[in-house]
$ cat target_39.txt   # compact mmCIF, C-alpha atoms
# COMPACT_ATOMS: atom_id res chain seq x y z
CA MET A 1 37.05 22.55 -2.78
CA LEU A 2 35.80 20.58 -5.74
CA ALA A 3 38.20 17.75 -4.90
CA ILE A 4 36.84 17.59 -1.35
CA ALA A 5 33.28 17.48 -2.62
CA ARG A 6 34.19 14.70 -5.03
CA SER A 7 35.90 12.64 -2.37
CA VAL A 8 32.91 13.03 -0.04
CA GLU A 9 30.60 11.99 -2.85
CA ARG A 10 32.80 8.96 -3.64
CA ARG A 11 32.86 7.92 0.01
CA TRP A 12 29.09 8.43 0.24
CA SER A 13 28.42 6.36 -2.87
CA ALA A 14 30.72 3.63 -1.52
CA THR A 15 28.75 3.37 1.72
CA VAL A 16 25.22 3.92 0.38
CA LYS A 17 23.76 0.79 -1.14
CA PRO A 18 21.64 1.07 -4.28
CA ASP A 19 17.91 0.34 -4.04
CA GLN A 20 18.21 -2.97 -5.89
CA GLU A 21 20.71 -4.28 -3.37
CA LEU A 22 18.49 -3.30 -0.45
CA ILE A 23 15.52 -5.00 -2.10
CA ALA A 24 17.49 -8.20 -2.55
CA GLU A 25 18.51 -8.09 1.10
CA ALA A 26 14.92 -7.44 2.19
CA LEU A 27 13.77 -10.41 0.14
CA ASN A 28 16.40 -12.50 1.89
CA GLY A 29 14.84 -11.62 5.22
CA GLN A 30 17.01 -8.74 6.43
CA ALA A 31 14.53 -6.50 8.21
CA GLY A 32 16.84 -3.48 8.33
CA ALA A 33 17.14 -3.36 4.55
CA PHE A 34 13.52 -2.47 3.93
CA ALA A 35 13.57 0.03 6.79
CA GLU A 36 16.44 1.82 5.10
CA LEU A 37 14.61 1.70 1.79
CA ALA A 38 11.53 3.20 3.42
CA SER A 39 13.42 6.00 5.09
CA ARG A 40 15.10 6.81 1.79
CA HIS A 41 11.79 7.17 -0.09
CA ARG A 42 9.62 8.48 2.71
CA ALA A 43 9.82 12.20 1.86
CA PRO A 44 8.44 12.02 -1.72
CA VAL A 45 5.73 9.58 -0.62
CA GLU A 46 4.68 11.93 2.18
CA ARG A 47 4.67 14.91 -0.15
CA LEU A 48 2.49 13.07 -2.65
CA CYS A 49 -0.02 12.06 0.03
CA GLN A 50 -0.17 15.64 1.28
CA ARG A 51 -1.08 16.84 -2.19
CA PHE A 52 -4.19 14.69 -1.98
CA PHE A 53 -5.21 15.17 1.65
CA SER A 54 -4.96 18.13 4.01
CA ASP A 55 -5.41 15.89 7.04
CA HIS A 56 -1.89 15.12 8.26
CA GLU A 57 -2.99 12.07 10.23
CA LEU A 58 -4.64 10.56 7.18
CA ALA A 59 -1.62 11.36 5.02
CA ARG A 60 0.63 9.66 7.58
CA ASP A 61 -1.64 6.60 7.65
CA LEU A 62 -1.50 6.39 3.88
CA VAL A 63 2.29 6.59 3.93
CA GLN A 64 2.39 3.68 6.37
CA GLU A 65 -0.08 1.69 4.33
CA SER A 66 1.89 2.34 1.14
CA PHE A 67 5.07 0.91 2.65
CA LEU A 68 3.19 -2.05 4.08
CA LYS A 69 1.74 -2.80 0.66
CA ALA A 70 5.12 -2.35 -0.97
CA PHE A 71 6.70 -4.74 1.53
CA ALA A 72 3.98 -7.33 0.97
CA ALA A 73 4.32 -7.05 -2.81
CA LEU A 74 8.10 -6.81 -2.91
CA LYS A 75 8.39 -10.22 -4.59
CA THR A 76 6.44 -8.90 -7.58
CA TYR A 77 8.84 -5.98 -8.08
CA ARG A 78 10.85 -6.20 -11.31
CA ALA A 79 14.20 -4.49 -11.54
CA GLU A 80 13.49 -2.98 -14.99
CA MET A 81 11.49 -0.26 -13.26
CA PRO A 82 13.04 2.15 -10.74
CA PHE A 83 11.87 1.35 -7.22
CA ALA A 84 10.69 4.95 -6.73
CA ALA A 85 8.34 4.71 -9.72
CA TRP A 86 6.99 1.34 -8.56
CA LEU A 87 6.38 2.71 -5.09
CA ARG A 88 4.77 5.84 -6.49
CA ALA A 89 2.26 3.72 -8.42
CA ILE A 90 1.27 2.02 -5.16
CA VAL A 91 0.85 5.36 -3.39
CA ILE A 92 -1.17 6.86 -6.24
CA ASN A 93 -3.59 3.96 -6.31
CA LEU A 94 -4.02 4.07 -2.54
CA CYS A 95 -4.67 7.82 -2.57
CA TYR A 96 -7.07 7.48 -5.49
CA ASP A 97 -9.04 4.76 -3.70
CA GLU A 98 -9.15 6.86 -0.55
CA LEU A 99 -10.35 9.91 -2.50
CA ARG A 100 -13.18 7.86 -4.00
CA ARG A 101 -14.06 6.41 -0.62
CA ARG A 102 -14.23 9.83 1.01
CA ARG A 103 -16.05 11.49 -1.85
CA ARG A 104 -18.65 13.95 -0.61
CA LYS A 105 -21.13 16.19 -2.35
CA PRO A 106 -19.52 19.46 -3.48
CA GLU A 107 -22.20 21.45 -1.61
CA GLU A 108 -20.94 20.05 1.67
CA LEU A 109 -17.50 21.39 0.96
CA VAL A 110 -18.63 24.94 0.38
CA GLY A 111 -18.63 26.14 3.93
CA ASP A 112 -17.89 29.46 5.50
CA PHE A 113 -14.42 30.83 5.16
CA THR A 114 -12.48 31.72 8.27
CA GLU A 115 -10.86 35.10 8.84
CA PRO A 116 -7.33 33.83 8.02
CA GLU A 117 -8.64 32.26 4.82
CA LEU A 118 -10.36 35.48 3.84
CA ASP A 119 -7.21 37.43 4.62
CA TRP A 120 -5.30 35.12 2.35
CA MET A 121 -7.86 35.57 -0.43
CA GLN A 122 -7.68 39.33 -0.01
CA LEU A 123 -3.90 39.13 -0.32
CA VAL A 124 -4.20 37.03 -3.48
CA ASN A 125 -6.60 39.61 -4.90
CA THR A 126 -4.56 42.69 -4.10
CA ALA A 127 -0.86 41.93 -3.49
CA SER A 128 1.89 41.73 -6.09
CA PRO A 129 2.74 38.26 -7.48
CA GLU A 130 6.05 38.27 -5.58
CA ASP A 131 4.33 39.00 -2.28
CA ILE A 132 1.77 36.27 -2.92
CA VAL A 133 4.49 33.66 -3.44
CA ALA A 134 6.40 34.79 -0.36
CA ALA A 135 3.29 34.81 1.82
CA ALA A 136 2.07 31.40 0.66
CA GLU A 137 5.16 29.70 2.01
CA GLU A 138 4.44 30.62 5.59
CA ARG A 139 0.66 30.50 5.67
CA ARG A 140 -0.94 27.29 6.63
CA ASN A 141 -4.39 28.67 5.72
CA ALA A 142 -3.22 29.10 2.13
CA HIS A 143 -2.73 25.33 2.07
CA ASP A 144 -6.06 24.67 3.73
CA LEU A 145 -7.89 26.87 1.26
CA ALA A 146 -6.09 25.24 -1.65
CA HIS A 147 -7.22 21.86 -0.36
CA ARG A 148 -10.79 23.09 -0.07
CA LEU A 149 -10.62 24.28 -3.64
CA LEU A 150 -9.17 20.97 -4.84
CA ASP A 151 -11.80 19.07 -2.82
CA MET A 152 -14.39 20.44 -5.24
CA LEU A 153 -12.94 18.30 -8.01
CA LYS A 154 -14.07 14.77 -8.73
CA PRO A 155 -11.58 12.12 -7.55
CA ASP A 156 -10.61 11.23 -11.13
CA ASP A 157 -10.02 14.87 -12.05
CA ARG A 158 -8.05 15.65 -8.93
CA THR A 159 -5.84 12.61 -9.30
CA VAL A 160 -4.96 13.46 -12.89
CA LEU A 161 -4.31 17.10 -12.06
CA VAL A 162 -2.01 16.29 -9.16
CA LEU A 163 -0.07 13.73 -11.15
CA LYS A 164 0.25 15.85 -14.25
CA ASP A 165 0.85 19.32 -12.80
CA SER A 166 2.52 18.56 -9.49
CA GLU A 167 4.35 15.31 -10.09
CA ASP A 168 5.24 16.10 -13.72
CA MET A 169 4.06 12.72 -14.93
CA SER A 170 3.37 12.28 -18.63
CA VAL A 171 -0.05 11.34 -19.98
CA SER A 172 1.16 7.84 -20.87
CA GLU A 173 2.66 7.34 -17.39
CA ILE A 174 -0.60 8.39 -15.73
CA ALA A 175 -2.62 6.17 -18.05
CA ALA A 176 -0.39 3.18 -17.27
CA THR A 177 -0.48 3.81 -13.52
CA LEU A 178 -4.26 4.17 -13.28
CA GLY A 179 -5.13 1.69 -16.01
CA TRP A 180 -6.95 4.32 -18.08
CA SER A 181 -6.75 5.28 -21.75
CA GLU A 182 -4.60 8.28 -22.67
CA ALA A 183 -7.69 10.01 -24.06
CA LYS A 184 -9.40 9.73 -20.70
CA VAL A 185 -6.39 11.21 -18.93
CA LYS A 186 -6.33 14.18 -21.32
CA ILE A 187 -10.05 14.82 -20.99
CA ARG A 188 -9.91 14.60 -17.20
CA ALA A 189 -6.96 17.01 -17.03
CA PHE A 190 -8.74 19.50 -19.27
CA ARG A 191 -11.97 19.29 -17.27
CA ALA A 192 -10.16 19.54 -13.95
CA ARG A 193 -8.41 22.75 -14.96
CA GLN A 194 -11.68 24.26 -16.16
CA VAL A 195 -13.51 23.42 -12.93
CA LEU A 196 -10.63 24.62 -10.79
CA ARG A 197 -10.43 27.93 -12.65
CA LYS A 198 -14.20 28.43 -12.33
CA HIS A 199 -14.20 27.83 -8.58
CA ALA A 200 -11.11 29.99 -8.01
CA GLU A 201 -12.71 32.86 -9.92
CA ARG A 202 -15.87 32.48 -7.88
CA MET A 203 -13.97 32.50 -4.58
CA LEU A 204 -11.93 35.56 -5.47
CA SER A 205 -14.91 37.48 -6.83
CA ALA A 206 -16.85 36.72 -3.61
CA GLU A 207 -13.97 38.18 -1.62
CA ARG A 208 -13.83 41.25 -3.92
CA ARG A 209 -17.56 41.86 -3.48
CA TRP A 210 -17.11 41.76 0.27
CA ALA A 211 -14.13 44.10 0.18
CA ALA A 212 -16.07 46.58 -1.99
CA ARG A 213 -18.77 47.02 0.68
CA MET B 214 14.89 45.56 -19.58
CA GLY B 215 14.28 41.86 -20.11
CA CYS B 216 12.85 40.28 -23.22
CA ALA B 217 9.17 40.81 -23.93
CA MET B 218 6.91 37.89 -23.12
CA ASN B 219 3.59 36.88 -24.64
CA CYS B 220 0.57 35.47 -22.82
CA PHE B 221 1.32 31.86 -23.74
CA GLU B 222 4.88 32.09 -22.38
CA ALA B 223 3.74 33.91 -19.26
CA ARG B 224 1.13 31.28 -18.39
CA ARG B 225 3.61 28.51 -19.03
CA ASP B 226 5.93 30.15 -16.51
CA PHE B 227 3.40 30.34 -13.66
CA ARG B 228 4.74 27.23 -12.00
CA ALA B 229 8.41 28.11 -12.48
CA PHE B 230 7.74 31.55 -11.00
CA TRP B 231 5.95 30.00 -8.03
CA ARG B 232 8.86 27.65 -7.42
CA ARG B 233 11.38 30.49 -7.91
CA GLU B 234 13.02 28.68 -10.80
CA LEU B 235 13.03 31.56 -13.29
CA SER B 236 16.22 33.42 -14.11
CA SER B 237 16.22 37.04 -12.96
CA GLU B 238 15.86 38.29 -16.54
CA ARG B 239 12.92 36.02 -17.29
CA ARG B 240 11.38 36.83 -13.94
CA GLU B 241 11.46 40.53 -14.75
CA ALA B 242 9.87 39.87 -18.14
CA PHE B 243 7.22 37.73 -16.45
CA LEU B 244 6.35 40.41 -13.88
CA ALA B 245 6.33 43.12 -16.56
CA HIS B 246 3.91 41.05 -18.61
CA LEU B 247 1.61 40.52 -15.63
CA ARG B 248 1.63 44.26 -14.87
CA GLY B 249 0.50 45.02 -18.41
CA CYS B 250 -1.92 42.12 -19.01
CA PRO B 251 -5.03 41.96 -16.78
CA GLY B 252 -5.99 38.56 -18.24
CA CYS B 253 -2.72 36.89 -17.25
CA ASP B 254 -2.69 38.73 -13.92
CA GLY B 255 -6.13 37.33 -13.09
CA ALA B 256 -5.12 33.88 -14.27
CA PHE B 257 -2.06 34.00 -12.00
CA ARG B 258 -4.22 34.94 -9.01
CA ASN B 259 -6.52 32.00 -9.76
CA PHE B 260 -3.46 29.78 -10.05
CA ALA B 261 -2.21 31.07 -6.68
CA LEU B 262 -5.23 29.67 -4.87
CA SER B 263 -4.37 26.04 -5.64
CA ALA B 264 -0.59 26.45 -5.98
CA PRO B 265 0.24 26.10 -2.25
CA VAL B 266 -0.78 22.45 -2.50
CA MET B 267 -0.10 21.75 -6.14
CA HIS B 268 3.27 23.43 -6.56
CA SER B 269 4.90 23.85 -3.17
CA ASP B 270 7.06 21.11 -1.75
CA VAL B 271 6.84 22.31 1.81
CA THR B 272 3.70 22.37 3.94
CA PRO B 273 4.03 25.01 6.66
CA GLU B 274 3.45 23.83 10.18
CA ARG B 275 0.00 24.55 11.53
CA ARG B 276 0.11 27.65 13.73
CA ARG B 277 -1.99 28.02 16.83
CA GLU B 278 -4.50 30.31 15.13
CA ASP B 279 -4.81 27.82 12.28
CA SER B 280 -5.66 24.82 14.47
CA PRO B 281 -9.08 23.23 13.80
CA ARG B 282 -10.36 24.24 17.25
CA VAL B 283 -9.52 27.89 16.68
CA ARG B 284 -10.82 27.75 13.11
CA GLU B 285 -14.18 26.57 14.39
CA ALA B 286 -14.29 29.38 16.92
CA VAL B 287 -13.55 32.07 14.35
CA PRO B 288 -16.78 33.44 12.88
CA ALA B 289 -17.01 33.49 9.12
CA ARG B 290 -17.67 36.67 7.15
CA ARG B 291 -20.15 37.36 4.43
CA PRO B 292 -18.33 36.43 1.20
CA ALA B 293 -18.55 32.78 2.12
CA MET B 294 -22.26 33.21 2.60
CA ALA B 295 -22.52 34.87 -0.78
CA TYR B 296 -20.66 31.99 -2.32
CA ARG B 297 -22.74 29.46 -0.48
CA ALA B 298 -25.91 31.29 -1.48
CA THR B 299 -24.97 30.67 -5.10
CA ALA B 300 -24.69 26.97 -4.36
CA ARG B 301 -28.02 27.07 -2.49
CA ARG B 302 -29.70 28.86 -5.40
CA ARG B 303 -28.36 26.22 -7.72
CA GLU B 304 -29.67 23.52 -5.41
CA TRP B 305 -33.15 25.13 -5.24
CA PHE B 306 -33.18 25.56 -8.97
CA SER B 307 -32.47 21.86 -9.52
CA ILE B 308 -35.11 20.85 -6.91
CA SER B 309 -37.79 23.05 -8.50
CA ALA B 310 -36.84 21.79 -11.97
CA ALA B 311 -37.18 18.20 -10.75
CA ALA B 312 -40.57 18.98 -9.16
CA MET B 313 -41.82 20.58 -12.36
CA ALA B 314 -40.64 17.61 -14.41
CA LEU B 315 -42.39 15.25 -11.99
CA ALA B 316 -45.64 17.25 -12.19
CA ALA B 317 -45.44 17.30 -15.99
CA GLY B 318 -44.89 13.53 -15.95
CA VAL B 319 -47.94 12.96 -13.71
CA VAL B 320 -50.15 15.13 -15.94
CA ALA B 321 -48.92 13.35 -19.06
CA ALA B 322 -49.53 9.95 -17.49
CA TYR B 323 -53.03 10.97 -16.42
CA LEU B 324 -53.90 12.24 -19.87
CA SER B 325 -52.54 9.15 -21.60
CA VAL B 326 -54.55 6.87 -19.29
CA SER B 327 -57.81 8.83 -19.11
CA ALA B 328 -58.17 9.80 -22.80
CA PRO B 329 -58.08 6.30 -24.41
CA VAL B 330 -60.45 4.87 -21.76
CA GLY B 331 -62.98 7.58 -22.59
CA ASN B 332 -62.76 6.79 -26.28
CA LEU B 333 -62.98 3.05 -25.67
CA ASN B 334 -66.09 3.49 -23.57
CA ASP B 335 -67.65 5.48 -26.36
CA VAL B 336 -66.83 2.75 -28.85
CA LEU B 337 -68.09 -0.06 -26.58
CA SER B 338 -71.35 1.71 -25.86
CA GLN B 339 -71.94 2.15 -29.56
CA GLN B 340 -71.45 -1.44 -30.72
CA GLU B 341 -71.93 -4.82 -29.08
CA PRO B 342 -68.95 -7.15 -29.31
CA GLN B 343 -69.47 -10.23 -31.44
CA VAL B 344 -67.80 -13.16 -29.64
CA GLU B 345 -67.69 -16.59 -31.20
CA PRO B 346 -68.38 -18.98 -28.27
CA VAL B 347 -66.37 -21.98 -29.47
CA VAL B 348 -63.34 -22.92 -27.38
CA ASP B 349 -62.12 -26.48 -27.62
CA LEU B 350 -60.49 -27.13 -24.26
CA PHE B 351 -59.90 -30.87 -24.25
CA GLY B 352 -59.13 -31.72 -27.84
CA PRO B 353 -61.25 -33.49 -30.45
CA GLY B 354 -63.95 -35.90 -29.24
CA THR B 355 -64.44 -34.17 -25.90
CA ALA B 356 -65.30 -30.81 -27.31
CA GLN B 357 -66.95 -28.49 -24.86
CA THR B 358 -67.82 -24.96 -25.74
CA PHE B 359 -68.45 -21.78 -23.84
CA ASN B 360 -71.41 -19.67 -24.59
CA GLN B 361 -71.40 -15.91 -24.50
CA ASP B 362 -72.27 -15.75 -20.76
CA GLY B 363 -69.19 -17.80 -19.80
CA GLY B 364 -71.02 -21.13 -19.19
CA PHE B 365 -70.68 -24.41 -21.06
CA ALA B 366 -72.87 -24.79 -24.08
CA GLY B 367 -74.19 -28.30 -24.41
$ encode --input "target_39.txt" --output "structure tokens"
Amino acid sequence: MLAIARSVERRWSATVKPDQELIAEALNGQAGAFAELASRHRAPVERLCQRFFSDHELARDLVQESFLKAFAALKTYRAEMPFAAWLRAIVINLCYDELRRRRRKPEELVGDFTEPELDWMQLVNTASPEDIVAAAEERRNAHDLAHRLLDMLKPDDRTVLVLKDSEDMSVSEIAATLGWSEAKVKIRAFRARQVLRKHAERMLSAERRWAAR
Amino acid sequence: MGCAMNCFEARRDFRAFWRRELSSERREAFLAHLRGCPGCDGAFRNFALSAPVMHSDVTPERRREDSPRVREAVPARRPAMAYRATARRREWFSISAAAMALAAGVVAAYLSVSAPVGNLNDVLSQQEPQVEPVVDLFGPGTAQTFNQDGGFAG
């Protein structure tokens, strides 16, 4: 069984070209090379955009724009850095710019909750941790509510929080990507967590007050 | 029974628990800790509100009842209003604070303008100003002077 798996892996690695080779081909004018590169890295780019924006259309547009930018700047890519990290920096900066562009007042974001959102909050308040995790995977409104909660953060705070907690980036990596000092990244992450906790507590206590009536 | 877990370890494991990456033994210890620690249990519930975006790799497809059109049609219930009322109260508080600051500024400006003028009038009415009427406008040789009434003197 192990031998079969190894032979499949060997055959796969023989046919799959490394990123650097595809980049060289794309720079030589082979259109298919960049398309293959894009399809290879599309999933993580999409996931990252969806952590910033709940609107699927917008996330899809940002994915497209990221690959367009990457293609236009491909000559500036240096092989010392993995292509995925280089591409991620482009995506992060695009999402950050978009967050700043779409920045609204927090009051506008505090709207009425829908029934499914309130049901989800009630579940978070009352169910066991295991049930909460299981339910979150199949509830779209859990995602929508999470986005509404994250929308209350300032663009700087949200960007740092997503990169640090979701993408597992280090403080120095975030600082280098955004062109900030490490101190600023740490302060933003600390503030973001505080604000997020405060708003989450407020949401859940509002739901508890309603349930108690 | 799994190993006992403290609050620091439990909170560090929130994400791993959410992503189902904990071993069964550690998972049991985590759940046991949450059952016995209201602080960590509350913190986990707060964490769960943002975790679907922050810590899940899959976004569930939008169901019919979750579509924007249906969401708009669904009436909201009171907790949102209670939450929004807090925001409104905060907004009113900041507006009234700004209005009070503005009123205080206007009063202060009025006092600072009106008080010195009153004093100056008192001083002027008490003593006549002594103005020396010599202003040499065109240099030596063509000296012309103003008198006290503003006309040329000689």
$ closest_residue --input "target_39.txt" --among "B:Ala229, B:Ala245, B:Leu324, B:Ala316" --to "Ser269 (chain B)" --atoms "all atoms listed in the file"
B:Ala229
$ atom_distance --input "target_39.txt" --atom1 "CA of Asp19 (chain A)" --atom2 "CA of Arg47 (chain A)"
20.1 Å
$ atom_distance --input "target_39.txt" --atom1 "CA of Ala261 (chain B)" --atom2 "CA of Trp231 (chain B)"
8.3 Å
$ atom_distance --input "target_39.txt" --atom1 "CA of Arg258 (chain B)" --atom2 "CA of Ala200 (chain A)"
8.5 Å
$ closest_residue --input "target_39.txt" --among "A:Phe67, A:Glu25, A:Asp55, A:Glu130" --to "Arg40 (chain A)" --atoms "all atoms listed in the file"
A:Phe67
$ residues_near_point --input "target_39.txt" --point "(-0.4, 12.3, 2.4)" --cutoff "10 Å" --atoms "only C-alpha atoms" --output "list in words"
Pro44, Val45, Glu46, Arg47, Leu48, Cys49, Gln50, Arg51, Phe52, Phe53, Ser54, Asp55, His56, Glu57, Leu58, Ala59, Arg60, Asp61, Leu62, Val63, Gln64, Val91 and Cys95 of chain A
$ residues_around --input "target_39.txt" --residues "Val133 (chain A)" --least-positions-apart "4" --cutoff "9 Å" --atoms "all atoms listed in the file" --output "PyMOL selection string"
(chain A and resi 128-129+137) or (chain B and resi 230-233+261+265)
$ write_last_selection --input "target_39.txt" --atoms "C-alpha atoms" --output "PDB file, keeping the file's coordinate frame"
ATOM      1  CA  SER A 128       1.890  41.730  -6.090  1.00  0.00           C
ATOM      2  CA  PRO A 129       2.740  38.260  -7.480  1.00  0.00           C
ATOM      3  CA  GLU A 137       5.160  29.700   2.010  1.00  0.00           C
TER       4      GLU A 137
ATOM      5  CA  PHE B 230       7.740  31.550 -11.000  1.00  0.00           C
ATOM      6  CA  TRP B 231       5.950  30.000  -8.030  1.00  0.00           C
ATOM      7  CA  ARG B 232       8.860  27.650  -7.420  1.00  0.00           C
ATOM      8  CA  ARG B 233      11.380  30.490  -7.910  1.00  0.00           C
ATOM      9  CA  ALA B 261      -2.210  31.070  -6.680  1.00  0.00           C
ATOM     10  CA  PRO B 265       0.240  26.100  -2.250  1.00  0.00           C
TER      11      PRO B 265
END
$ interface_residues --input "target_39.txt" --of "chain A" --to "chain B" --cutoff "7 Å" --atoms "all atoms listed in the file" --output "number ranges by chain"
A: 47, 51, 107, 110-115, 124-125, 133, 136-143, 146-147, 149, 162, 166, 197, 200-201, 206-207, 210
$ closest_residue --input "target_39.txt" --among "A:Thr159, A:Arg100, A:Ala26, A:Lys186" --to "Val171 (chain A)" --atoms "all atoms listed in the file"
A:Lys186
$ closest_residue --input "target_39.txt" --among "A:Ala175, A:Ile23, A:Leu99, A:Met81" --to "Ala189 (chain A)" --atoms "all atoms listed in the file"
A:Ala175
